[in-house]
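The data block below is upload14.pdb; it holds PDB, C-alpha atoms and all ligand atoms.
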MODEL        1
ATOM      1  CA  MET L   1      -2.047 349.404 101.387  1.00  0.00           C
ATOM      2  CA  ARG L   2      -1.265 345.770 102.277  1.00  0.00           C
ATOM      3  CA  ILE L   3       1.561 343.980 100.471  1.00  0.00           C
ATOM      4  CA  VAL L   4       2.577 340.331 100.755  1.00  0.00           C
ATOM      5  CA  TYR L   5       6.164 339.779  99.602  1.00  0.00           C
ATOM      6  CA  GLY L   6       7.009 336.310  98.344  1.00  0.00           C
ATOM      7  CA  ALA L   7       6.514 333.598  95.729  1.00  0.00           C
ATOM      8  CA  ASN L   8       3.075 332.076  95.314  1.00  0.00           C
ATOM      9  CA  ALA L   9       4.503 328.525  95.459  1.00  0.00           C
ATOM     10  CA  SER L  10       5.640 328.988  99.064  1.00  0.00           C
ATOM     11  CA  PRO L  11       3.363 327.261 101.584  1.00  0.00           C
ATOM     12  CA  PHE L  12       4.103 330.035 104.080  1.00  0.00           C
ATOM     13  CA  VAL L  13       3.194 332.784 101.632  1.00  0.00           C
ATOM     14  CA  ARG L  14       0.006 330.850 100.857  1.00  0.00           C
ATOM     15  CA  LYS L  15      -0.824 330.588 104.567  1.00  0.00           C
ATOM     16  CA  VAL L  16      -0.872 334.383 104.816  1.00  0.00           C
ATOM     17  CA  ARG L  17      -2.786 334.821 101.554  1.00  0.00           C
ATOM     18  CA  VAL L  18      -5.453 332.331 102.669  1.00  0.00           C
ATOM     19  CA  ALA L  19      -5.808 334.119 106.035  1.00  0.00           C
ATOM     20  CA  LEU L  20      -6.220 337.437 104.189  1.00  0.00           C
ATOM     21  CA  ALA L  21      -8.817 335.907 101.860  1.00  0.00           C
ATOM     22  CA  GLU L  22     -10.761 334.291 104.719  1.00  0.00           C
ATOM     23  CA  LYS L  23     -10.917 337.706 106.379  1.00  0.00           C
ATOM     24  CA  GLY L  24     -11.936 339.394 103.130  1.00  0.00           C
ATOM     25  CA  LEU L  25      -8.880 341.680 103.089  1.00  0.00           C
ATOM     26  CA  ASP L  26      -7.356 342.847  99.824  1.00  0.00           C
ATOM     27  CA  TYR L  27      -3.614 343.107  99.214  1.00  0.00           C
ATOM     28  CA  GLU L  28      -1.007 343.035  96.506  1.00  0.00           C
ATOM     29  CA  LEU L  29       1.466 340.194  96.018  1.00  0.00           C
ATOM     30  CA  GLU L  30       4.963 341.488  95.298  1.00  0.00           C
ATOM     31  CA  PRO L  31       7.055 338.634  93.883  1.00  0.00           C
ATOM     32  CA  VAL L  32      10.217 337.752  95.831  1.00  0.00           C
ATOM     33  CA  PHE L  33      12.069 334.532  95.032  1.00  0.00           C
ATOM     34  CA  PRO L  34      13.692 333.111  98.187  1.00  0.00           C
ATOM     35  CA  PHE L  35      17.403 332.280  98.477  1.00  0.00           C
ATOM     36  CA  ASN L  36      19.957 335.029  97.663  1.00  0.00           C
ATOM     37  CA  VAL L  37      17.465 337.779  98.462  1.00  0.00           C
ATOM     38  CA  SER L  38      18.505 341.439  98.258  1.00  0.00           C
ATOM     39  CA  ALA L  39      19.782 343.532 101.146  1.00  0.00           C
ATOM     40  CA  ASP L  40      16.632 345.629 100.773  1.00  0.00           C
ATOM     41  CA  PHE L  41      14.437 342.575 101.263  1.00  0.00           C
ATOM     42  CA  LYS L  42      16.375 341.691 104.421  1.00  0.00           C
ATOM     43  CA  LYS L  43      15.263 345.017 105.847  1.00  0.00           C
ATOM     44  CA  LEU L  44      11.720 343.638 105.614  1.00  0.00           C
ATOM     45  CA  SER L  45      12.576 340.041 106.516  1.00  0.00           C
ATOM     46  CA  PRO L  46      15.815 339.910 108.520  1.00  0.00           C
ATOM     47  CA  LEU L  47      16.175 336.134 108.102  1.00  0.00           C
ATOM     48  CA  GLY L  48      15.780 336.529 104.343  1.00  0.00           C
ATOM     49  CA  LYS L  49      12.745 334.234 104.249  1.00  0.00           C
ATOM     50  CA  ILE L  50       9.394 334.697 102.578  1.00  0.00           C
ATOM     51  CA  PRO L  51       6.783 335.898 103.349  1.00  0.00           C
ATOM     52  CA  ALA L  52       7.218 339.450 104.532  1.00  0.00           C
ATOM     53  CA  PHE L  53       4.250 341.749 104.917  1.00  0.00           C
ATOM     54  CA  ARG L  54       3.549 345.451 104.839  1.00  0.00           C
ATOM     55  CA  ASP L  55       0.463 347.139 106.244  1.00  0.00           C
ATOM     56  CA  GLY L  56       1.040 350.832 105.618  1.00  0.00           C
ATOM     57  CA  ASP L  57       4.030 351.770 107.787  1.00  0.00           C
ATOM     58  CA  HIS L  58       4.036 348.428 109.600  1.00  0.00           C
ATOM     59  CA  VAL L  59       6.407 345.728 108.349  1.00  0.00           C
ATOM     60  CA  LEU L  60       6.441 342.117 109.556  1.00  0.00           C
ATOM     61  CA  ALA L  61       8.116 338.818 108.687  1.00  0.00           C
ATOM     62  CA  ASP L  62       7.174 335.173 109.346  1.00  0.00           C
ATOM     63  CA  SER L  63       3.818 333.708 108.352  1.00  0.00           C
ATOM     64  CA  SER L  64       2.798 332.854 111.932  1.00  0.00           C
ATOM     65  CA  VAL L  65       3.596 336.370 113.124  1.00  0.00           C
ATOM     66  CA  ILE L  66       1.772 337.932 110.177  1.00  0.00           C
ATOM     67  CA  CYS L  67      -1.340 335.780 110.707  1.00  0.00           C
ATOM     68  CA  ALA L  68      -1.378 336.570 114.441  1.00  0.00           C
ATOM     69  CA  TYR L  69      -1.146 340.278 113.577  1.00  0.00           C
ATOM     70  CA  LEU L  70      -4.008 340.000 111.077  1.00  0.00           C
ATOM     71  CA  GLU L  71      -6.180 338.324 113.713  1.00  0.00           C
ATOM     72  CA  ARG L  72      -5.678 341.152 116.223  1.00  0.00           C
ATOM     73  CA  ARG L  73      -6.081 343.820 113.565  1.00  0.00           C
ATOM     74  CA  HIS L  74      -9.138 342.209 111.912  1.00  0.00           C
ATOM     75  CA  PRO L  75     -10.727 339.858 114.477  1.00  0.00           C
ATOM     76  CA  THR L  76     -13.646 338.629 112.356  1.00  0.00           C
ATOM     77  CA  PRO L  77     -14.050 336.042 111.082  1.00  0.00           C
ATOM     78  CA  ALA L  78     -11.845 334.556 113.782  1.00  0.00           C
ATOM     79  CA  LEU L  79      -9.134 332.126 112.693  1.00  0.00           C
ATOM     80  CA  TYR L  80      -8.043 331.425 116.285  1.00  0.00           C
ATOM     81  CA  PRO L  81     -10.644 329.661 118.475  1.00  0.00           C
ATOM     82  CA  ALA L  82     -11.920 331.438 121.590  1.00  0.00           C
ATOM     83  CA  ASP L  83     -11.790 328.283 123.717  1.00  0.00           C
ATOM     84  CA  PRO L  84      -8.337 328.069 125.377  1.00  0.00           C
ATOM     85  CA  TYR L  85      -7.730 324.415 124.564  1.00  0.00           C
ATOM     86  CA  GLN L  86      -8.910 324.678 120.974  1.00  0.00           C
ATOM     87  CA  TYR L  87      -6.810 327.847 120.617  1.00  0.00           C
ATOM     88  CA  ALA L  88      -3.739 325.904 121.728  1.00  0.00           C
ATOM     89  CA  ARG L  89      -4.596 323.033 119.380  1.00  0.00           C
ATOM     90  CA  ALA L  90      -4.901 325.468 116.473  1.00  0.00           C
ATOM     91  CA  LEU L  91      -1.410 326.781 117.259  1.00  0.00           C
ATOM     92  CA  TRP L  92      -0.130 323.220 117.563  1.00  0.00           C
ATOM     93  CA  PHE L  93      -1.404 322.169 114.140  1.00  0.00           C
ATOM     94  CA  GLU L  94      -0.060 325.374 112.602  1.00  0.00           C
ATOM     95  CA  GLU L  95       3.315 324.487 114.106  1.00  0.00           C
ATOM     96  CA  TYR L  96       3.005 320.868 112.953  1.00  0.00           C
ATOM     97  CA  GLY L  97       2.496 322.076 109.385  1.00  0.00           C
ATOM     98  CA  ASP L  98       5.331 324.599 109.646  1.00  0.00           C
ATOM     99  CA  SER L  99       7.834 322.054 111.003  1.00  0.00           C
ATOM    100  CA  ALA L 100       7.115 318.309 110.698  1.00  0.00           C
ATOM    101  CA  LEU L 101       4.965 318.386 107.582  1.00  0.00           C
ATOM    102  CA  VAL L 102       7.000 320.859 105.509  1.00  0.00           C
ATOM    103  CA  ALA L 103      10.151 318.872 106.252  1.00  0.00           C
ATOM    104  CA  VAL L 104       8.646 316.055 104.173  1.00  0.00           C
ATOM    105  CA  THR L 105       6.118 317.633 101.765  1.00  0.00           C
ATOM    106  CA  GLY L 106       8.358 320.643 101.112  1.00  0.00           C
ATOM    107  CA  ALA L 107      12.006 319.632 101.387  1.00  0.00           C
ATOM    108  CA  LYS L 108      11.741 315.957 100.427  1.00  0.00           C
ATOM    109  CA  ILE L 109       8.947 316.051  97.844  1.00  0.00           C
ATOM    110  CA  PHE L 110       7.966 319.481  96.402  1.00  0.00           C
ATOM    111  CA  PHE L 111      11.503 320.826  96.342  1.00  0.00           C
ATOM    112  CA  LYS L 112      12.947 317.672  94.795  1.00  0.00           C
ATOM    113  CA  LYS L 113      10.157 317.234  92.277  1.00  0.00           C
ATOM    114  CA  ILE L 114       9.425 320.840  91.269  1.00  0.00           C
ATOM    115  CA  VAL L 115      11.719 323.575  92.576  1.00  0.00           C
ATOM    116  CA  GLY L 116      15.045 321.841  91.968  1.00  0.00           C
ATOM    117  CA  PRO L 117      14.386 320.415  88.489  1.00  0.00           C
ATOM    118  CA  LEU L 118      12.146 323.205  87.097  1.00  0.00           C
ATOM    119  CA  PHE L 119      13.680 326.315  88.632  1.00  0.00           C
ATOM    120  CA  MET L 120      17.222 325.460  89.808  1.00  0.00           C
ATOM    121  CA  ASN L 121      18.495 323.153  87.088  1.00  0.00           C
ATOM    122  CA  GLN L 122      18.901 320.220  89.479  1.00  0.00           C
ATOM    123  CA  PRO L 123      18.458 316.574  88.432  1.00  0.00           C
ATOM    124  CA  LEU L 124      15.269 314.800  89.458  1.00  0.00           C
ATOM    125  CA  ASP L 125      15.824 312.561  92.502  1.00  0.00           C
ATOM    126  CA  GLN L 126      12.805 310.295  91.959  1.00  0.00           C
ATOM    127  CA  ALA L 127      14.165 307.579  94.265  1.00  0.00           C
ATOM    128  CA  GLY L 128      14.421 310.087  97.120  1.00  0.00           C
ATOM    129  CA  ILE L 129      10.880 311.299  96.430  1.00  0.00           C
ATOM    130  CA  ASP L 130       9.512 307.738  96.315  1.00  0.00           C
ATOM    131  CA  GLN L 131      11.159 306.968  99.626  1.00  0.00           C
ATOM    132  CA  ALA L 132       9.695 310.074 101.283  1.00  0.00           C
ATOM    133  CA  VAL L 133       6.214 309.244  99.970  1.00  0.00           C
ATOM    134  CA  ALA L 134       6.448 305.592 101.056  1.00  0.00           C
ATOM    135  CA  GLU L 135       8.193 305.998 104.414  1.00  0.00           C
ATOM    136  CA  ASP L 136       8.105 309.555 105.744  1.00  0.00           C
ATOM    137  CA  LEU L 137       4.603 310.716 104.902  1.00  0.00           C
ATOM    138  CA  PRO L 138       2.496 307.818 106.277  1.00  0.00           C
ATOM    139  CA  PRO L 139       3.302 308.346 109.982  1.00  0.00           C
ATOM    140  CA  LEU L 140       2.458 312.043 109.619  1.00  0.00           C
ATOM    141  CA  PHE L 141      -0.833 311.216 107.913  1.00  0.00           C
ATOM    142  CA  ASP L 142      -1.613 308.518 110.520  1.00  0.00           C
ATOM    143  CA  TYR L 143      -1.282 311.149 113.224  1.00  0.00           C
ATOM    144  CA  LEU L 144      -3.280 313.824 111.396  1.00  0.00           C
ATOM    145  CA  ASP L 145      -6.082 311.400 110.519  1.00  0.00           C
ATOM    146  CA  SER L 146      -6.263 310.314 114.172  1.00  0.00           C
ATOM    147  CA  GLN L 147      -6.733 313.924 115.282  1.00  0.00           C
ATOM    148  CA  LEU L 148      -9.697 314.782 113.059  1.00  0.00           C
ATOM    149  CA  PRO L 149     -13.301 314.300 114.124  1.00  0.00           C
ATOM    150  CA  GLU L 150     -15.521 312.839 111.393  1.00  0.00           C
ATOM    151  CA  GLY L 151     -16.481 315.721 109.075  1.00  0.00           C
ATOM    152  CA  GLY L 152     -14.829 318.290 111.355  1.00  0.00           C
ATOM    153  CA  MET L 153     -11.812 320.536 111.651  1.00  0.00           C
ATOM    154  CA  PHE L 154      -8.559 320.248 113.608  1.00  0.00           C
ATOM    155  CA  ALA L 155      -9.383 322.707 116.411  1.00  0.00           C
ATOM    156  CA  GLY L 156     -13.055 323.243 117.120  1.00  0.00           C
ATOM    157  CA  LYS L 157     -15.872 323.316 114.625  1.00  0.00           C
ATOM    158  CA  ASP L 158     -14.691 326.184 112.430  1.00  0.00           C
ATOM    159  CA  LEU L 159     -11.715 326.631 110.115  1.00  0.00           C
ATOM    160  CA  SER L 160      -8.705 327.792 112.151  1.00  0.00           C
ATOM    161  CA  ILE L 161      -5.090 328.720 111.603  1.00  0.00           C
ATOM    162  CA  GLY L 162      -4.320 325.075 112.412  1.00  0.00           C
ATOM    163  CA  ASP L 163      -6.314 323.883 109.409  1.00  0.00           C
ATOM    164  CA  ILE L 164      -4.739 326.528 107.183  1.00  0.00           C
ATOM    165  CA  GLY L 165      -1.232 325.604 108.380  1.00  0.00           C
ATOM    166  CA  ILE L 166      -1.706 321.929 107.516  1.00  0.00           C
ATOM    167  CA  ALA L 167      -3.715 322.444 104.319  1.00  0.00           C
ATOM    168  CA  THR L 168      -1.191 324.848 102.800  1.00  0.00           C
ATOM    169  CA  GLN L 169       1.550 322.216 103.007  1.00  0.00           C
ATOM    170  CA  LEU L 170      -0.746 319.683 101.338  1.00  0.00           C
ATOM    171  CA  VAL L 171      -1.230 322.059  98.391  1.00  0.00           C
ATOM    172  CA  ASN L 172       2.493 321.728  97.650  1.00  0.00           C
ATOM    173  CA  LEU L 173       2.194 317.971  97.913  1.00  0.00           C
ATOM    174  CA  MET L 174      -0.652 318.106  95.383  1.00  0.00           C
ATOM    175  CA  HIS L 175       1.338 320.344  93.013  1.00  0.00           C
ATOM    176  CA  ALA L 176       4.078 317.696  93.125  1.00  0.00           C
ATOM    177  CA  GLY L 177       1.536 315.096  91.986  1.00  0.00           C
ATOM    178  CA  TYR L 178       0.721 313.375  95.288  1.00  0.00           C
ATOM    179  CA  GLY L 179      -2.299 313.376  97.593  1.00  0.00           C
ATOM    180  CA  VAL L 180      -3.966 311.791 100.594  1.00  0.00           C
ATOM    181  CA  ASP L 181      -5.178 308.226  99.958  1.00  0.00           C
ATOM    182  CA  GLY L 182      -8.828 308.192 101.019  1.00  0.00           C
ATOM    183  CA  GLN L 183      -8.807 304.421 101.609  1.00  0.00           C
ATOM    184  CA  ARG L 184      -5.994 304.694 104.119  1.00  0.00           C
ATOM    185  CA  TRP L 185      -6.719 308.101 105.688  1.00  0.00           C
ATOM    186  CA  PRO L 186     -10.446 308.733 105.088  1.00  0.00           C
ATOM    187  CA  LYS L 187     -10.938 311.583 107.564  1.00  0.00           C
ATOM    188  CA  LEU L 188      -7.835 313.439 106.372  1.00  0.00           C
ATOM    189  CA  ALA L 189      -8.764 312.983 102.703  1.00  0.00           C
ATOM    190  CA  ASP L 190     -12.295 314.251 103.343  1.00  0.00           C
ATOM    191  CA  TRP L 191     -10.987 317.219 105.344  1.00  0.00           C
ATOM    192  CA  VAL L 192      -8.437 318.217 102.702  1.00  0.00           C
ATOM    193  CA  GLY L 193     -11.130 318.124 100.018  1.00  0.00           C
ATOM    194  CA  ARG L 194     -13.327 320.435 102.084  1.00  0.00           C
ATOM    195  CA  VAL L 195     -10.540 322.878 102.985  1.00  0.00           C
ATOM    196  CA  HIS L 196      -8.935 323.025  99.539  1.00  0.00           C
ATOM    197  CA  GLY L 197     -12.433 323.508  98.114  1.00  0.00           C
ATOM    198  CA  ARG L 198     -12.941 326.775 100.002  1.00  0.00           C
ATOM    199  CA  PRO L 199     -12.694 329.850  97.741  1.00  0.00           C
ATOM    200  CA  SER L 200      -9.659 331.089  99.742  1.00  0.00           C
ATOM    201  CA  PHE L 201      -7.633 328.004  98.777  1.00  0.00           C
ATOM    202  CA  ARG L 202      -9.296 327.232  95.433  1.00  0.00           C
ATOM    203  CA  ARG L 203      -8.411 330.577  93.899  1.00  0.00           C
ATOM    204  CA  LEU L 204      -4.735 330.248  94.845  1.00  0.00           C
ATOM    205  CA  ILE L 205      -4.468 326.608  93.749  1.00  0.00           C
ATOM    206  CA  ASP L 206      -5.888 327.557  90.341  1.00  0.00           C
ATOM    207  CA  GLU L 207      -3.514 330.540  90.089  1.00  0.00           C
ATOM    208  CA  GLU L 208      -0.442 328.477  91.013  1.00  0.00           C
ATOM    209  CA  ALA L 209      -1.006 325.218  89.158  1.00  0.00           C
ATOM    210  CA  PRO L 210      -0.087 326.224  85.567  1.00  0.00           C
ATOM    211  CA  GLN L 211       3.561 327.036  86.446  1.00  0.00           C
ATOM    212  CA  PHE L 212       4.137 323.451  87.633  1.00  0.00           C
ATOM    213  CA  ARG L 213       2.855 321.706  84.546  1.00  0.00           C
ATOM    214  CA  GLY L 214       5.888 321.097  82.731  1.00  0.00           C
TER     215      GLY L 214
HETATM  216  N1  LIG O   1       8.903 330.347 109.703  1.00  0.00           N
HETATM  217  C1  LIG O   1       8.859 330.972 108.404  1.00  0.00           C
HETATM  218  C2  LIG O   1       9.339 330.018 107.346  1.00  0.00           C
HETATM  219  C3  LIG O   1       9.402 330.661 105.981  1.00  0.00           C
HETATM  220  C4  LIG O   1      10.247 329.871 104.998  1.00  0.00           C
HETATM  221  O1  LIG O   1      10.937 328.915 105.363  1.00  0.00           O
HETATM  222  N2  LIG O   1      10.160 330.272 103.734  1.00  0.00           N
HETATM  223  C5  LIG O   1      11.002 329.647 102.727  1.00  0.00           C
HETATM  224  C6  LIG O   1      10.279 329.515 101.402  1.00  0.00           C
HETATM  225  S1  LIG O   1       8.930 328.399 101.477  1.00  0.00           S
HETATM  226  C7  LIG O   1      12.211 330.531 102.503  1.00  0.00           C
HETATM  227  O2  LIG O   1      12.087 331.728 102.417  1.00  0.00           O
HETATM  228  N3  LIG O   1      13.378 329.913 102.385  1.00  0.00           N
HETATM  229  C8  LIG O   1      14.593 330.628 102.086  1.00  0.00           C
HETATM  230  C9  LIG O   1      15.626 330.501 103.160  1.00  0.00           C
HETATM  231  O3  LIG O   1      15.424 329.694 104.098  1.00  0.00           O
HETATM  232  O4  LIG O   1      16.621 331.196 103.061  1.00  0.00           O
HETATM  233  C10 LIG O   1       7.424 331.459 108.124  1.00  0.00           C
HETATM  234  O5  LIG O   1       6.501 330.865 108.685  1.00  0.00           O
HETATM  235  O6  LIG O   1       7.239 332.425 107.380  1.00  0.00           O
ENDMDL
END

As a first step, turn the structure in this file into structure tokens.
Amino acid sequence: MRIVYGANASPFVRKVRVALAEKGLDYELEPVFPFNVSADFKKLSPLGKIPAFRDGDHVLADSSVICAYLERRHPTPALYPADPYQYARALWFEEYGDSALVAVTGAKIFFKKIVGPLFMNQPLDQAGIDQAVAEDLPPLFDYLDSQLPEGGMFAGKDLSIGDIGIATQLVNLMHAGYGVDGQRWPKLADWVGRVHGRPSFRRLIDEEAPQFRG
């Protein structure tokens, strides 16, 4: 029995769920809201962060660790390229999503627009959000657009963990009401449409969206 522990709005939980879906693996989602987690949850995730994962007797934390485990345990379809350089690029873009991108799309936009006001009774900081959208996002999108081949993926020709790691952060951006301007970043906008259109992402986006309309 596989269990993903976490909230479906988390980009890191979504990264694991998309990897599971791409590999055709079933699982249950056990809801855990981050921040002030229980002592029992910290036995699964010592840093108290979501996601955690159970595969029978095996327990893991951290989306990157969980995805790497899934790849070794269920190698096909591969989400990590065989070519050494493309493999490293896939890891790089996963890391870029997990660090640089989430710092803006997560902390400065999704959290301020959705999590704080809707779930934590915090006032809306629209000026802070506007500033992040106008000043912090464009350099990240400039870089990402520059790294994509026309009609392609971030690391080799097939979907990889690098694509999933970037695309999952952009789902949160979309839930907050923002997107990638196709006039300014045409390759990135085209790529995000293709990746978010895959059944693995589409199903989760449709599941998550209703809770943010409000
Ligand atoms: N490196 C971790 C990051 C996970 C993470 O930051 N999750 C957030 C929710 S999106 C969390 O649990 N935050 C609570 C906290 O930092 O205490 C991973 O990839 O799983």

### Message
Would you pick out the contacts of Val104 in chain L at 7 Å or less, using all atoms listed in the file, so that residues sharing its chain but fewer than 2 positions from it are not included, and give the list as a PyMOL selection string?
### Response
chain L and resi 101-102+106-109+132+136-137

### Query
If you apply the PyMOL selection byres (((chain L and resi 183-197) around 8) and not hetatm) to this file, what residues do you get, as a VMD selection string?
chain L and resid 141 to 142 144 to 145 148 to 153 163 167 170 to 171 180 to 182 198 to 199 201 to 202

Around all listed atoms of range 141-157 of chain L, padded 5 Å per side, what centre and edge lengths does the axis-aligned box have in Å to one decimal, as lines of an AutoDock Vina configuration file?
center_x = -8.7
center_y = 315.9
center_z = 112.5
size_x = 25.6
size_y = 24.8
size_z = 19.2

Find the spatial neighbours of range 60-67 of chain L, counting all atoms listed in the file, within a cut-off of 8 Å - ignore same-chain residues fewer than 5 positions away - and output them as an mmCIF file with C-alpha atoms, in the coordinates of the input.
data_model
loop_
_atom_site.group_PDB
_atom_site.id
_atom_site.type_symbol
_atom_site.label_atom_id
_atom_site.label_comp_id
_atom_site.auth_asym_id
_atom_site.auth_seq_id
_atom_site.Cartn_x
_atom_site.Cartn_y
_atom_site.Cartn_z
ATOM 1 C CA PHE L 12 4.103 330.035 104.080
ATOM 2 C CA VAL L 13 3.194 332.784 101.632
ATOM 3 C CA LYS L 15 -0.824 330.588 104.567
ATOM 4 C CA VAL L 16 -0.872 334.383 104.816
ATOM 5 C CA ALA L 19 -5.808 334.119 106.035
ATOM 6 C CA LEU L 44 11.720 343.638 105.614
ATOM 7 C CA SER L 45 12.576 340.041 106.516
ATOM 8 C CA PRO L 46 15.815 339.910 108.520
ATOM 9 C CA LYS L 49 12.745 334.234 104.249
ATOM 10 C CA ILE L 50 9.394 334.697 102.578
ATOM 11 C CA PRO L 51 6.783 335.898 103.349
ATOM 12 C CA ALA L 52 7.218 339.450 104.532
ATOM 13 C CA PHE L 53 4.250 341.749 104.917
ATOM 14 C CA ARG L 54 3.549 345.451 104.839
#

### Answer key for the PyMOL selection byres (((chain L and resi 160) around 10) and not hetatm), residues as a list in words
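What the PyMOL selection byres (((chain L and resi 160) around 10) and not hetatm) grabs from the file is Ala19, Pro77, Ala78, Leu79, Tyr80, Pro81, Gln86, Tyr87, Arg89, Ala90, Leu91, Phe93, Glu94, Met153, Phe154, Ala155, Gly156, Lys157, Asp158, Leu159, Ile161, Gly162, Asp163, Ile164 and Gly165 of chain L.
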
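When all atoms listed in the file are used to compute distances to ligand LIG 1 (chain O), the closest of the residues L:Lys112, L:Gln169, L:Gly56, L:Leu140 turns out to be L:Gln169.
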
Any chance you could work out the residue set of the PyMOL selection byres (((chain L and resi 115) around 12) and not hetatm) here, as a PDB file with C-alpha atoms, in the coordinates of the input?
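See result28.pdb below for the written result:
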ATOM      1  CA  ALA L   7       6.514 333.598  95.729  1.00  0.00           C
ATOM      2  CA  ALA L   9       4.503 328.525  95.459  1.00  0.00           C
ATOM      3  CA  SER L  10       5.640 328.988  99.064  1.00  0.00           C
ATOM      4  CA  PHE L  33      12.069 334.532  95.032  1.00  0.00           C
ATOM      5  CA  PRO L  34      13.692 333.111  98.187  1.00  0.00           C
ATOM      6  CA  PHE L  35      17.403 332.280  98.477  1.00  0.00           C
ATOM      7  CA  GLY L 106       8.358 320.643 101.112  1.00  0.00           C
ATOM      8  CA  ALA L 107      12.006 319.632 101.387  1.00  0.00           C
ATOM      9  CA  LYS L 108      11.741 315.957 100.427  1.00  0.00           C
ATOM     10  CA  ILE L 109       8.947 316.051  97.844  1.00  0.00           C
ATOM     11  CA  PHE L 110       7.966 319.481  96.402  1.00  0.00           C
ATOM     12  CA  PHE L 111      11.503 320.826  96.342  1.00  0.00           C
ATOM     13  CA  LYS L 112      12.947 317.672  94.795  1.00  0.00           C
ATOM     14  CA  LYS L 113      10.157 317.234  92.277  1.00  0.00           C
ATOM     15  CA  ILE L 114       9.425 320.840  91.269  1.00  0.00           C
ATOM     16  CA  GLY L 116      15.045 321.841  91.968  1.00  0.00           C
ATOM     17  CA  PRO L 117      14.386 320.415  88.489  1.00  0.00           C
ATOM     18  CA  LEU L 118      12.146 323.205  87.097  1.00  0.00           C
ATOM     19  CA  PHE L 119      13.680 326.315  88.632  1.00  0.00           C
ATOM     20  CA  MET L 120      17.222 325.460  89.808  1.00  0.00           C
ATOM     21  CA  ASN L 121      18.495 323.153  87.088  1.00  0.00           C
ATOM     22  CA  GLN L 122      18.901 320.220  89.479  1.00  0.00           C
ATOM     23  CA  PRO L 123      18.458 316.574  88.432  1.00  0.00           C
ATOM     24  CA  LEU L 124      15.269 314.800  89.458  1.00  0.00           C
ATOM     25  CA  ASP L 125      15.824 312.561  92.502  1.00  0.00           C
ATOM     26  CA  ASN L 172       2.493 321.728  97.650  1.00  0.00           C
ATOM     27  CA  HIS L 175       1.338 320.344  93.013  1.00  0.00           C
ATOM     28  CA  ALA L 176       4.078 317.696  93.125  1.00  0.00           C
ATOM     29  CA  GLN L 211       3.561 327.036  86.446  1.00  0.00           C
ATOM     30  CA  PHE L 212       4.137 323.451  87.633  1.00  0.00           C
ATOM     31  CA  GLY L 214       5.888 321.097  82.731  1.00  0.00           C
TER      32      GLY L 214
END

### Task
Using CA of Tyr143 in chain L and CA of Tyr96 in chain L as the two end points, give the distance in Å to one decimal.
10.6 Å

### Message
So, with only C-alpha atoms and all ligand atoms as the atoms that count, which of L:Ile3, L:Ala103, L:Leu25, L:Leu70 lies closest to ligand LIG 1 (chain O)?
### Response
L:Ala103

### Message
Taking all atoms listed in the file into account, name the residue in L:Ala68, L:Ala82, L:Ile129, L:Met1 that is nearest to ligand LIG 1 (chain O).
### Response
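Under the stated criterion, the closest residue is L:Ala68.
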
#### Entry: Pairwise distance for atom N2 of ligand LIG 1 (chain O) and CA of Lys42 in chain L, rounded to one decimal in Å
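Those two atoms sit 13.0 Å apart.
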
### Query
What does the distance from CA of Leu29 in chain L to CA of Val4 in chain L come to in Å, to one decimal?
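We find that CA of Leu29 in chain L and CA of Val4 in chain L lie 4.9 Å from each other.
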
### Message
I'd like to know which of L:Ala209, L:Leu47, L:Ala39, L:Val18 is closest to ligand LIG 1 (chain O), using only C-alpha atoms and all ligand atoms.
### Response
L:Leu47

### Query
Given the choices L:Val59, L:Thr76, L:Glu95, L:Ala134, which gets closest to ligand LIG 1 (chain O) if the distance is worked out from all atoms listed in the file?
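Comparing L:Val59, L:Thr76, L:Glu95, L:Ala134 against ligand LIG 1 (chain O), the winner is L:Glu95.
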
### Query
From the list L:Gly48, L:Pro75, L:Gly24, L:Gly97, which residue is nearest ligand LIG 1 (chain O) when using all atoms listed in the file?
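Of L:Gly48, L:Pro75, L:Gly24, L:Gly97, the one nearest ligand LIG 1 (chain O) is L:Gly48, counting all atoms listed in the file.
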